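*Asks:* Data: start02.cif, mmCIF, C-alpha atoms.
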```
data_entry
#
loop_
_atom_site.label_atom_id
_atom_site.label_comp_id
_atom_site.auth_asym_id
_atom_site.auth_seq_id
_atom_site.Cartn_x
_atom_site.Cartn_y
_atom_site.Cartn_z
CA THR A 1 82.71 161.40 -139.34
CA LEU A 2 84.22 158.02 -138.63
CA CYS A 3 86.61 158.21 -141.56
CA SER A 4 87.78 161.72 -140.56
CA CYS A 5 88.61 160.37 -137.09
CA SER A 6 90.69 157.63 -138.54
CA SER A 7 92.56 159.94 -140.86
CA ARG A 8 93.43 162.13 -137.90
CA SER A 9 94.71 159.20 -135.92
CA SER A 10 96.89 158.01 -138.79
CA TRP A 11 98.54 161.46 -138.85
CA LEU A 12 99.79 161.09 -135.29
CA PRO A 13 103.56 160.97 -135.17
CA GLN A 14 104.78 157.44 -134.73
CA THR A 15 108.04 156.66 -133.00
CA ALA A 16 111.35 156.02 -134.66
CA PRO A 17 111.74 152.20 -134.38
CA LEU A 18 109.62 151.79 -137.54
CA ARG A 19 112.34 153.38 -139.57
CA GLY A 20 115.26 151.86 -137.83
CA SER A 21 114.00 148.21 -137.67
CA HIS A 22 115.76 145.75 -139.87
CA TRP A 23 112.45 144.22 -140.90
CA GLN A 24 111.79 147.10 -143.16
CA SER A 25 113.89 147.06 -146.25
CA SER A 26 112.39 149.66 -148.50
CA VAL A 27 113.43 153.23 -148.04
CA LEU A 28 110.43 154.34 -149.98
CA THR A 29 108.03 153.64 -147.12
CA PRO A 30 106.23 156.90 -146.33
CA ARG A 31 107.44 159.02 -143.40
CA THR A 32 105.15 158.38 -140.52
CA SER A 33 106.73 160.80 -138.00
CA LEU A 34 107.35 164.50 -137.91
CA PRO A 35 110.72 165.66 -139.24
CA VAL A 36 112.89 165.63 -136.14
CA ARG A 37 115.65 168.24 -136.25
CA ALA A 38 118.11 169.28 -133.55
CA GLN A 39 116.38 169.40 -130.13
CA PRO A 40 117.18 172.97 -128.78
CA LYS A 41 115.39 174.88 -131.54
CA LYS A 42 112.00 173.32 -130.79
CA LYS A 43 112.27 174.28 -127.09
CA LYS A 44 113.07 177.90 -127.88
CA LYS A 45 109.86 178.47 -129.85
CA VAL A 46 107.55 176.93 -127.29
CA ASP A 47 109.39 178.78 -124.51
CA VAL A 48 109.05 182.08 -126.27
CA ARG A 49 105.38 181.49 -126.83
CA ARG A 50 104.87 180.34 -123.24
CA GLU A 51 106.77 183.36 -121.88
CA GLN A 52 104.74 185.67 -124.06
CA ALA A 53 101.50 184.15 -122.76
CA GLN A 54 102.71 184.51 -119.16
CA LYS A 55 103.62 188.17 -119.68
CA ASP A 56 100.19 188.87 -121.17
CA ARG A 57 98.48 187.24 -118.20
CA MET A 58 100.53 189.32 -115.76
CA LYS A 59 99.76 192.51 -117.67
CA LYS A 60 96.05 191.70 -117.60
CA LYS A 61 96.18 191.16 -113.84
CA LEU A 62 98.04 194.46 -113.36
CA ARG A 63 95.47 196.30 -115.43
CA LYS A 64 92.64 194.79 -113.38
CA LEU A 65 94.32 195.85 -110.14
CA GLU A 66 94.88 199.35 -111.41
CA LYS A 67 91.23 199.68 -112.45
CA ALA A 68 90.05 198.93 -108.92
CA ALA A 69 89.39 202.10 -106.84
CA PRO A 70 92.38 203.28 -104.75
CA GLU A 71 92.24 202.35 -101.08
CA LEU A 72 91.18 205.26 -98.89
CA ILE A 73 93.81 206.57 -96.48
CA PRO A 74 92.51 206.02 -92.92
CA ILE A 75 92.20 209.15 -90.79
CA GLU A 76 93.85 208.19 -87.54
CA ASP A 77 92.01 210.81 -85.48
CA PHE A 78 88.62 209.32 -86.32
CA VAL A 79 89.48 205.75 -85.46
CA THR A 80 89.24 205.04 -81.70
CA PRO A 81 91.88 202.53 -80.68
CA LEU A 82 90.24 199.35 -79.40
CA LYS A 83 91.83 199.52 -75.95
CA TYR A 84 89.57 202.42 -75.01
CA SER A 85 86.32 200.50 -75.50
CA ASP A 86 87.18 198.41 -72.46
CA SER A 87 84.59 198.83 -69.71
CA SER A 88 87.23 199.14 -66.97
CA ARG A 89 88.19 202.45 -68.51
CA VAL A 90 84.81 204.09 -68.05
CA ARG A 91 85.00 207.11 -65.76
CA SER A 92 82.96 207.01 -62.57
CA LEU A 93 81.56 210.47 -61.85
CA PRO A 94 78.51 211.47 -59.79
CA PRO A 95 75.38 212.02 -61.95
CA LEU A 96 74.40 215.60 -62.85
CA SER A 97 71.95 217.37 -60.55
CA PRO A 98 68.88 219.05 -62.10
CA GLU A 99 70.28 222.49 -61.16
CA GLU A 100 73.41 221.71 -63.06
CA THR A 101 71.49 220.67 -66.19
CA GLU A 102 69.35 223.79 -65.88
CA ARG A 103 72.44 225.98 -65.60
CA ARG A 104 73.97 224.30 -68.65
CA VAL A 105 70.90 224.78 -70.79
CA LEU A 106 70.64 228.46 -69.89
CA LEU A 107 74.36 228.98 -70.55
CA LEU A 108 74.05 227.39 -73.99
CA LYS A 109 71.18 229.73 -74.83
CA LYS A 110 73.19 232.75 -73.70
CA TRP A 111 76.11 231.54 -75.80
CA CYS A 112 73.89 231.19 -78.86
CA LEU A 113 72.74 234.80 -78.49
CA PHE A 114 76.28 236.05 -77.89
CA LYS A 115 77.60 234.33 -80.99
CA GLN A 116 74.71 235.61 -83.08
CA LYS A 117 75.37 239.21 -82.02
CA GLN A 118 79.11 238.77 -82.70
CA ASP A 119 78.43 237.37 -86.15
CA GLU A 120 76.03 240.19 -87.02
CA ALA A 121 78.56 242.81 -85.90
CA GLU A 122 81.27 241.21 -88.03
CA LYS A 123 79.04 241.09 -91.09
CA LYS A 124 78.04 244.71 -90.60
CA ALA A 125 81.69 245.78 -90.28
CA ILE A 126 82.58 243.97 -93.50
CA GLN A 127 79.60 245.58 -95.21
CA THR A 128 80.68 249.10 -94.21
CA LEU A 129 84.22 248.35 -95.37
CA VAL A 130 83.02 247.27 -98.78
CA GLU A 131 80.73 250.30 -99.07
CA SER A 132 83.55 252.63 -98.11
CA GLN A 133 85.76 251.11 -100.78
CA GLN A 134 83.05 251.41 -103.42
CA GLU A 135 82.52 255.07 -102.54
CA ALA A 136 86.26 255.74 -102.79
CA LEU A 137 86.44 254.06 -106.20
CA LYS A 138 83.43 256.06 -107.41
CA GLU A 139 85.06 259.34 -106.40
CA LEU A 140 88.31 258.25 -108.00
CA ARG A 141 86.51 257.51 -111.25
CA LEU A 142 85.07 261.01 -111.22
CA GLU A 143 88.57 262.35 -110.84
CA SER A 144 90.50 260.48 -113.51
CA GLU A 145 89.79 257.37 -115.50
CA GLU A 146 93.39 256.15 -115.73
CA LEU A 147 93.91 256.28 -111.98
CA TYR A 148 90.70 254.33 -111.58
CA GLN A 149 91.82 251.68 -114.05
CA ALA A 150 95.15 251.40 -112.23
CA ALA A 151 93.30 251.03 -108.92
CA ILE A 152 91.01 248.19 -110.00
CA LEU A 153 93.88 246.04 -111.28
CA ARG A 154 94.44 242.78 -109.43
CA ASP A 155 97.44 242.85 -107.07
CA GLU A 156 99.45 239.74 -107.94
CA GLY A 157 101.89 240.04 -105.06
CA LEU A 158 99.18 239.97 -102.39
CA PHE A 159 98.45 236.21 -102.35
CA PRO A 160 99.69 233.80 -101.04
CA PHE A 161 99.75 235.82 -97.82
CA GLU A 162 101.40 234.18 -94.83
CA ARG A 163 101.56 235.42 -91.26
CA ASP A 164 102.24 233.85 -87.87
CA GLY A 165 99.16 234.14 -85.71
CA PRO A 166 99.03 235.66 -82.20
CA THR A 167 100.12 233.60 -79.18
CA TYR A 168 98.99 233.78 -75.56
CA THR A 169 102.14 235.53 -74.31
CA PRO A 170 104.59 237.61 -76.35
CA PRO A 171 107.98 236.04 -77.20
CA ILE A 172 110.66 236.39 -74.50
CA PRO A 173 113.42 238.69 -75.80
CA ASP A 174 116.83 236.97 -76.16
CA TYR A 175 115.41 233.53 -75.42
CA ASP A 176 117.85 230.64 -75.86
CA PRO A 177 115.87 227.48 -76.70
CA PRO A 178 117.27 224.16 -75.33
CA GLU A 179 119.27 221.95 -77.69
CA GLY A 180 117.60 218.92 -79.17
CA LYS A 181 116.50 217.18 -82.34
CA CYS A 182 112.90 216.72 -83.32
CA VAL A 183 112.17 213.32 -84.91
CA ASP A 184 108.98 213.19 -86.96
CA ILE A 185 107.16 209.88 -86.47
CA THR A 186 103.93 210.58 -88.35
CA LYS A 187 102.74 207.67 -90.45
CA VAL A 188 102.69 208.49 -94.16
CA TYR A 189 100.28 206.54 -96.34
CA THR A 190 100.73 206.26 -100.11
CA GLN A 191 97.90 205.29 -102.43
CA ALA B 1 90.87 267.04 -126.31
CA ALA B 2 92.22 266.68 -122.79
CA ALA B 3 89.67 266.32 -120.00
CA PRO B 4 89.03 269.58 -118.12
CA ARG B 5 91.19 269.82 -115.03
CA ARG B 6 89.14 268.99 -112.00
CA PRO B 7 89.35 271.48 -109.15
CA TRP B 8 90.14 268.84 -106.54
CA ARG B 9 93.65 268.17 -105.31
CA LEU B 10 94.44 264.51 -104.71
CA PHE B 11 96.27 263.11 -101.71
CA GLY B 12 97.28 259.52 -100.96
CA ALA B 13 97.30 258.51 -97.29
CA MET B 14 98.56 255.28 -95.75
CA CYS B 15 96.94 253.56 -92.79
CA LEU B 16 99.77 251.39 -91.46
CA LEU B 17 98.56 248.67 -89.07
CA ARG B 18 100.65 246.71 -86.62
CA LEU B 19 98.73 243.45 -86.21
CA PRO B 20 98.16 241.98 -82.72
CA ARG B 21 100.88 239.77 -81.25
CA ILE B 22 98.90 238.14 -78.42
CA THR B 23 95.37 236.79 -78.23
CA GLN B 24 92.62 239.00 -76.90
CA ALA B 25 91.24 238.35 -73.43
CA LEU B 26 88.13 236.16 -73.38
CA GLU B 27 84.77 237.71 -72.61
CA LYS B 28 82.73 236.50 -69.65
CA GLU B 29 80.44 234.30 -71.79
CA GLU B 30 83.41 232.85 -73.64
CA GLU B 31 85.12 231.90 -70.38
CA GLU B 32 81.97 230.26 -68.99
CA MET B 33 81.49 228.37 -72.23
CA ALA B 34 85.12 227.22 -72.27
CA ALA B 35 84.72 225.86 -68.71
CA LEU B 36 81.51 224.06 -69.67
CA MET B 37 83.12 222.52 -72.73
CA GLY B 38 86.00 221.27 -70.62
CA GLN B 39 83.59 219.68 -68.13
CA ILE B 40 81.57 217.95 -70.86
CA GLU B 41 84.74 216.66 -72.47
CA LEU B 42 85.85 215.24 -69.14
CA GLU B 43 82.51 213.51 -68.62
CA LYS B 44 82.50 211.95 -72.07
CA SER B 45 86.12 210.77 -71.95
CA ARG B 46 87.69 207.49 -70.87
CA TYR B 47 90.60 206.97 -68.49
CA SER B 48 94.02 207.39 -70.05
CA ASP B 49 97.00 205.11 -69.30
CA HIS B 50 98.48 207.64 -66.89
CA GLU B 51 95.23 207.91 -64.92
CA ILE B 52 94.82 204.12 -64.69
CA ARG B 53 98.36 203.84 -63.40
CA LYS B 54 97.65 206.53 -60.82
CA LEU B 55 94.43 204.80 -59.66
CA GLU B 56 96.14 201.40 -59.35
CA GLU B 57 98.99 202.87 -57.33
CA GLU B 58 96.59 204.64 -55.01
CA GLU B 59 94.71 201.35 -54.51
CA ARG B 60 97.97 199.56 -53.71
CA LEU B 61 99.04 202.23 -51.22
CA ARG B 62 95.66 202.08 -49.49
CA ARG B 63 95.71 198.29 -49.26
CA ARG B 64 99.24 198.30 -47.89
CA LYS B 65 98.33 200.82 -45.21
CA GLU B 66 95.21 198.85 -44.18
CA SER B 67 96.60 195.29 -44.24
CA PHE B 68 100.14 195.52 -42.81
CA ASP B 69 101.59 198.30 -40.78
CA ASP B 70 105.15 197.72 -41.93
CA ASP B 71 106.18 197.84 -45.55
CA GLY B 72 108.68 195.01 -45.21
CA ASP B 73 107.44 193.38 -48.41
CA GLU B 74 108.63 196.13 -50.72
CA ALA B 75 112.42 195.77 -50.61
CA PRO B 76 114.13 199.05 -49.73
CA GLY B 77 116.50 198.69 -52.67
CA ARG B 78 113.71 199.10 -55.27
CA THR B 79 112.50 202.69 -55.63
CA VAL B 80 109.28 202.83 -57.57
CA ILE B 81 108.39 206.10 -59.29
CA MET B 82 104.71 206.77 -58.73
CA ALA B 83 102.49 208.61 -61.14
CA GLN B 84 101.80 211.22 -58.47
CA ASP B 85 105.54 211.93 -58.20
CA LEU B 86 105.73 212.48 -61.94
CA GLU B 87 102.83 214.90 -61.78
CA ASP B 88 104.48 216.85 -58.98
CA LYS B 89 107.71 217.01 -60.95
CA TRP B 90 105.88 218.38 -63.99
CA GLU B 91 104.05 220.94 -61.88
CA GLN B 92 107.34 222.18 -60.42
CA LYS B 93 108.87 222.51 -63.86
CA PHE B 94 105.88 224.53 -65.06
CA LEU B 95 106.03 226.88 -62.09
CA ARG B 96 109.69 227.52 -62.71
CA PHE B 97 109.01 228.80 -66.24
CA GLN B 98 108.56 232.56 -66.54
CA ALA B 99 106.64 233.76 -69.57
CA ALA B 100 106.89 237.30 -70.91
CA PRO B 101 104.16 239.52 -69.44
CA ARG B 102 101.08 240.28 -71.53
CA ILE B 103 100.91 243.84 -70.23
CA THR B 104 104.24 245.39 -71.14
CA ASP B 105 106.14 248.30 -69.61
CA ALA B 106 105.01 250.57 -72.41
CA ASP B 107 101.42 249.79 -71.42
CA LYS B 108 102.04 250.81 -67.85
CA LYS B 109 103.73 254.05 -68.82
CA ASN B 110 101.17 254.69 -71.59
CA ASP B 111 104.01 255.50 -73.94
CA ARG B 112 102.10 255.98 -77.16
CA THR B 113 105.14 256.24 -79.41
CA SER B 114 106.24 252.68 -78.71
CA LEU B 115 105.17 249.66 -80.73
CA ASN B 116 105.19 247.35 -77.71
CA ARG B 117 101.99 248.70 -76.35
CA LYS B 118 98.56 247.00 -76.46
CA LEU B 119 99.87 243.78 -77.94
CA ASP B 120 96.38 242.34 -78.34
CA SER B 121 94.97 245.00 -80.70
CA ASN B 122 95.79 246.73 -83.98
CA LEU B 123 97.99 249.83 -83.75
CA MET B 124 97.81 252.59 -86.34
CA LEU B 125 100.38 255.22 -87.26
CA LEU B 126 99.37 258.87 -86.76
CA VAL B 127 101.61 261.72 -87.80
CA LYS B 128 101.46 265.43 -87.03
CA GLN B 129 101.23 267.35 -90.29
CA LYS B 130 100.78 270.97 -91.28
CA ILE B 131 97.66 271.56 -93.38
CA GLY B 132 97.15 275.15 -94.41
CA ASN B 133 98.20 276.92 -91.25
CA GLN B 134 97.12 274.23 -88.76
CA GLU B 135 99.11 271.43 -87.20
CA LEU B 136 96.88 268.36 -87.24
CA TRP B 137 97.21 264.72 -86.29
CA LEU B 138 96.53 262.72 -89.46
CA LEU B 139 97.30 259.45 -91.16
CA PRO B 140 100.49 260.10 -93.13
CA GLN B 141 99.53 261.69 -96.43
CA VAL B 142 101.34 263.22 -99.37
CA GLU B 143 100.07 265.01 -102.45
CA TRP B 144 99.62 263.00 -105.62
CA GLN B 145 101.94 263.84 -108.49
CA PRO B 146 100.99 263.18 -112.12
CA GLY B 147 102.62 260.05 -113.49
CA GLU B 148 102.21 257.81 -110.45
CA THR B 149 99.38 255.65 -109.24
CA LEU B 150 97.66 256.45 -105.97
CA ARG B 151 99.17 253.34 -104.37
CA SER B 152 102.68 254.61 -105.03
CA THR B 153 101.63 257.98 -103.55
CA ALA B 154 100.64 256.17 -100.38
CA GLU B 155 103.95 254.25 -100.37
CA ARG B 156 105.80 257.53 -100.77
CA ALA B 157 103.85 258.94 -97.84
CA MET B 158 104.94 256.00 -95.69
CA ALA B 159 108.56 256.39 -96.78
CA THR B 160 108.61 260.12 -96.11
CA PHE B 161 107.64 259.66 -92.50
CA LEU B 162 109.26 256.38 -91.62
CA GLY B 163 112.19 256.02 -94.00
CA ASP B 164 112.81 253.56 -96.81
CA HIS B 165 113.43 250.39 -94.83
CA ILE B 166 109.88 249.68 -93.83
CA GLN B 167 108.50 246.29 -94.83
CA ALA B 168 104.77 246.60 -95.23
CA LYS B 169 102.25 244.54 -97.15
CA ILE B 170 99.80 246.87 -98.90
CA LEU B 171 96.41 245.25 -99.30
CA GLY B 172 95.63 245.75 -102.95
CA ASN B 173 95.68 248.54 -105.47
CA ALA B 174 92.30 250.04 -104.62
CA PRO B 175 91.72 252.72 -101.97
CA TYR B 176 89.75 251.74 -98.88
CA GLY B 177 88.18 255.08 -98.06
CA ILE B 178 88.00 258.69 -99.05
CA TYR B 179 87.82 261.98 -97.17
CA LYS B 180 86.70 264.99 -99.14
CA TYR B 181 86.97 268.52 -97.84
CA LYS B 182 86.64 271.99 -99.28
CA PHE B 183 89.22 274.60 -98.54
CA PRO B 184 88.13 277.55 -96.40
CA ARG B 185 86.69 280.37 -98.49
CA ALA B 186 89.78 282.49 -98.03
CA ILE B 187 91.98 280.29 -100.23
CA ARG B 188 89.32 278.73 -102.39
CA THR B 189 89.68 279.53 -106.08
CA GLU B 190 88.03 278.30 -109.26
CA ASP B 191 90.73 275.69 -109.82
CA ASN B 192 91.28 274.77 -106.24
CA VAL B 193 88.02 273.97 -104.54
CA GLY B 194 89.20 271.33 -102.12
CA ALA B 195 91.07 268.13 -101.64
CA LYS B 196 90.29 264.41 -101.74
CA VAL B 197 92.33 262.13 -99.50
CA PHE B 198 92.35 258.45 -100.54
CA PHE B 199 93.22 255.98 -97.79
CA PHE B 200 95.19 252.78 -98.34
CA LYS B 201 95.69 249.98 -95.82
CA ALA B 202 98.90 248.11 -95.12
CA PHE B 203 100.15 245.56 -92.59
CA LEU B 204 103.49 246.19 -90.91
CA GLN B 205 105.80 243.19 -91.46
CA SER B 206 109.07 244.21 -89.80
CA SER B 207 108.69 244.10 -86.07
CA ASP B 208 111.32 246.63 -84.95
CA LEU B 209 111.66 250.15 -86.26
CA SER B 210 114.77 251.12 -84.32
CA GLN B 211 116.64 251.98 -87.51
CA THR B 212 114.16 254.61 -88.64
CA GLU B 213 114.47 258.23 -87.62
CA PRO B 214 111.00 259.71 -87.64
CA LYS B 215 110.78 262.98 -89.50
CA ALA B 216 107.90 264.33 -87.47
CA ASP B 217 105.90 263.61 -84.32
CA TYR B 218 104.30 260.22 -84.58
CA LEU B 219 102.05 258.03 -82.50
CA TRP B 220 100.86 254.44 -82.60
CA VAL B 221 97.24 254.31 -81.41
CA THR B 222 94.42 251.81 -81.28
CA LYS B 223 91.04 252.33 -82.92
CA ASN B 224 89.44 253.45 -79.65
CA GLU B 225 92.10 256.06 -79.04
CA LEU B 226 91.76 257.59 -82.50
CA GLY B 227 89.01 259.82 -81.20
CA ASP B 228 91.54 261.65 -79.00
CA TYR B 229 93.46 262.89 -81.99
CA LEU B 230 91.39 263.02 -85.15
CA LYS B 231 88.70 265.49 -86.09
CA SER B 232 85.15 264.10 -86.07
CA GLU B 233 84.44 264.06 -89.82
CA TYR B 234 87.84 262.61 -90.63
CA LEU B 235 87.42 260.07 -87.84
CA LYS B 236 84.03 258.99 -89.17
CA LYS B 237 85.47 258.22 -92.60
CA VAL B 238 88.50 256.42 -91.16
CA ASN B 239 86.41 254.30 -88.80
CA ARG B 240 84.43 252.91 -91.72
CA PHE B 241 87.30 250.89 -93.12
CA LEU B 242 88.86 249.77 -89.85
CA LEU B 243 87.76 246.32 -88.69
CA ASP B 244 88.34 245.77 -85.04
#
```
Please go through the file and, once you have read it, give me the structure as structure tokens.
*Replies:*
Amino acid sequence: TLCSCSSRSSWLPQTAPLRGSHWQSSVLTPRTSLPVRAQPKKKKKVDVRREQAQKDRMKKKLRKLEKAAPELIPIEDFVTPLKYSDSSRVRSLPPLSPEETERRVLLLKKWCLFKQKQDEAEKKAIQTLVESQQEALKELRLESEELYQAAILRDEGLFPFERDGPTYTPPIPDYDPPEGKCVDITKVYTQ
Amino acid sequence: AAAPRRPWRLFGAMCLLRLPRITQALEKEEEEMAALMGQIELEKSRYSDHEIRKLEEEERLRRRKESFDDDGDEAPGRTVIMAQDLEDKWEQKFLRFQAAPRITDADKKNDRTSLNRKLDSNLMLLVKQKIGNQELWLLPQVEWQPGETLRSTAERAMATFLGDHIQAKILGNAPYGIYKYKFPRAIRTEDNVGAKVFFFKAFLQSSDLSQTEPKADYLWVTKNELGDYLKSEYLKKVNRFLLD
């Protein structure tokens, strides 16, 4: 191992003065430095290699960032702004009397029953509608097969179905809305 | 071999619905519940900026009235707009606005041929037609002709009574109901036992029908008023596919 070390050290490039000194007369002395050519070419290679290595590092970082899960878009309705957790903002109302709580509980129970009856009525109405349709299709099949086949085809033009829902009061006839521009300031998040 | 001709005549009828334009009135339980929900929301809420401003200004007014009798401190040149003033201004503006009435003129006159009646419920088209030797109020119907689907028969029925420029969205190719009846014995033959009327449903899209000239007597009625015009068996079958 010692000799290998020494051989390595002797291979190190030694500086020019050895060649240029007037003490050395023979030209046949072995070259002890690397062949030095014009300077710019050496820089180019190392630069290219260095740039290549930099680009690879950047690409690796980008790939790591992309692999990470995308940040979730915050829902602004669910986040209470901090200024409302201040205690000075708490409403001061008289506490509820027992009659009031009693009334509320009974009202909630009545509401539960009301909604249940409403839901049952709706379901029953839908059931009769479907039965009526099935009966009509059965009778149609008895009549003619081709009409039946035409009737059970899917209607492509039906969906998407759009309609403006009902309002509290009907629209005023010949209403002239005031002039103005509506500027949309909703925050748009991109992932 | 062709299938034997069935002795039933086929008719396609169209149930044209004008959908409601205003919301239905709340029931008693719904109103009580809405009030309760409002109260609970108020109890659980915090003060808003406007309310805090109002409270502070009321405090200031009270202190000024108690401590000094003259308001020399507040320079007369500076007019401060109070939150209460803003609220009064908004209230005035609201009272000045006149909304269209929910109960229209047609409601008051009970004019059943107009579409502006009963804006909170579905309205159906009824037409007076001659069947056999009777004039009956029916949903517009027309006999099926070979070579067309039943849906196009129903569309033709609509066009015959209301003209071509009706915009209606027909809900699907399949019939919603059927009414079968046998002809009276006098005209019943081997080939012509009775008729089957297939009902189709459609939503009226165009809101004004002033351009159409109706070919026969027509009415727009709600589901509850159908009983005044239709026969009981027919009414039973029609009521099955009407959701209201």
*Asks:* For the atom pair CA of Thr128 (chain A) and CA of Asp155 (chain A), what is the interatomic distance in Å to one decimal place?
*Replies:*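 Between CA of Thr128 (chain A) and CA of Asp155 (chain A) the gap works out to 22.0 Å.
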*Asks:* Could you jot down the CA of Thr190 (chain A) to CA of Glu66 (chain A) separation for me, Å, one decimal place?
*Replies:*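 Calculated distance between CA of Thr190 (chain A) and CA of Glu66 (chain A) is 14.5 Å.
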*Asks:* I'd like the contact shell of Glu143 (chain B) - 8 Å cut-off, only C-alpha atoms, skipping same-chain residues fewer than 4 positions apart - returned as a PyMOL selection string.
*Replies:* chain B and resi 9-12+153
*Asks:* Would you mind listing what lies within 12 Å of Pro175 (chain B) as an NGL selection string, with only C-alpha atoms counted and same-chain residues fewer than 5 positions away left out?
*Replies:* (:A and (129-141 or 147-148 or 150-153)) or (:B and (11-15 or 149-154 or 170 or 196-202 or 238 or 241))
*Asks:* Rank nothing, just name the residue among B:Leu204, B:Val127, B:Ala157, B:Ala35 nearest to Leu171 (chain B), using all atoms listed in the file.
*Replies:*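 Nearest candidate to Leu171 (chain B) out of B:Leu204, B:Val127, B:Ala157, B:Ala35: B:Leu204.
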*Asks:* Select, from B:Val221, B:Ala186, B:Ile81, B:Ile178, the residue with the minimum atom-to-atom distance to Lys118 (chain B), counting only C-alpha atoms.
*Replies:*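 The closest residue to Lys118 (chain B) is B:Val221.
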*Asks:* Report as a ChimeraX atom specification the full result of the PyMOL selection byres ((chain B and resi 115) around 12) when it is applied to this structure.
*Replies:* /B:17-21,104-107,110-114,116-125,204,206-210,218-222
*Asks:* Between CA of Pro184 (chain B) and CA of Ser232 (chain B), what is the distance in Å, rounded to a tenth?
*Replies:*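 Taking CA of Pro184 (chain B) and CA of Ser232 (chain B), their separation equals 17.2 Å.
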*Asks:* Restricting the calculation to all atoms listed in the file: of A:Lys64, A:Arg89, A:Lys124, A:Lys109, which residue gets closest to chain B?
*Replies:* A:Arg89
*Asks:* Which residue, B:Gln98, B:Asn224, B:Gln205, B:Gln141, has the smallest gap to Gln167 (chain B) when you use only C-alpha atoms?
*Replies:*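 The closest residue to Gln167 (chain B) is B:Gln205.
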*Asks:* Could you please tell me, as a list of chain:residue names, which residues of chain B have an atom within 6 Å of chain A when using only C-alpha atoms?
*Replies:* B:Arg21, B:Ile22, B:Thr23, B:Arg46, B:Tyr47, B:Ala100, B:Arg102, B:Gly172, B:Asn173, B:Ala174, B:Tyr176, B:Gly177, B:Ile178, B:Arg240, B:Phe241
*Asks:* Could you write out the selected residues, including C-alpha atoms, as an mmCIF file, keeping the file's coordinate frame?
*Replies:*
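And here's out-v6.cif as it stands now:
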```
data_model
loop_
_atom_site.group_PDB
_atom_site.id
_atom_site.type_symbol
_atom_site.label_atom_id
_atom_site.label_comp_id
_atom_site.auth_asym_id
_atom_site.auth_seq_id
_atom_site.Cartn_x
_atom_site.Cartn_y
_atom_site.Cartn_z
ATOM 1 C CA ARG B 21 100.880 239.770 -81.250
ATOM 2 C CA ILE B 22 98.900 238.140 -78.420
ATOM 3 C CA THR B 23 95.370 236.790 -78.230
ATOM 4 C CA ARG B 46 87.690 207.490 -70.870
ATOM 5 C CA TYR B 47 90.600 206.970 -68.490
ATOM 6 C CA ALA B 100 106.890 237.300 -70.910
ATOM 7 C CA ARG B 102 101.080 240.280 -71.530
ATOM 8 C CA GLY B 172 95.630 245.750 -102.950
ATOM 9 C CA ASN B 173 95.680 248.540 -105.470
ATOM 10 C CA ALA B 174 92.300 250.040 -104.620
ATOM 11 C CA TYR B 176 89.750 251.740 -98.880
ATOM 12 C CA GLY B 177 88.180 255.080 -98.060
ATOM 13 C CA ILE B 178 88.000 258.690 -99.050
ATOM 14 C CA ARG B 240 84.430 252.910 -91.720
ATOM 15 C CA PHE B 241 87.300 250.890 -93.120
#
```
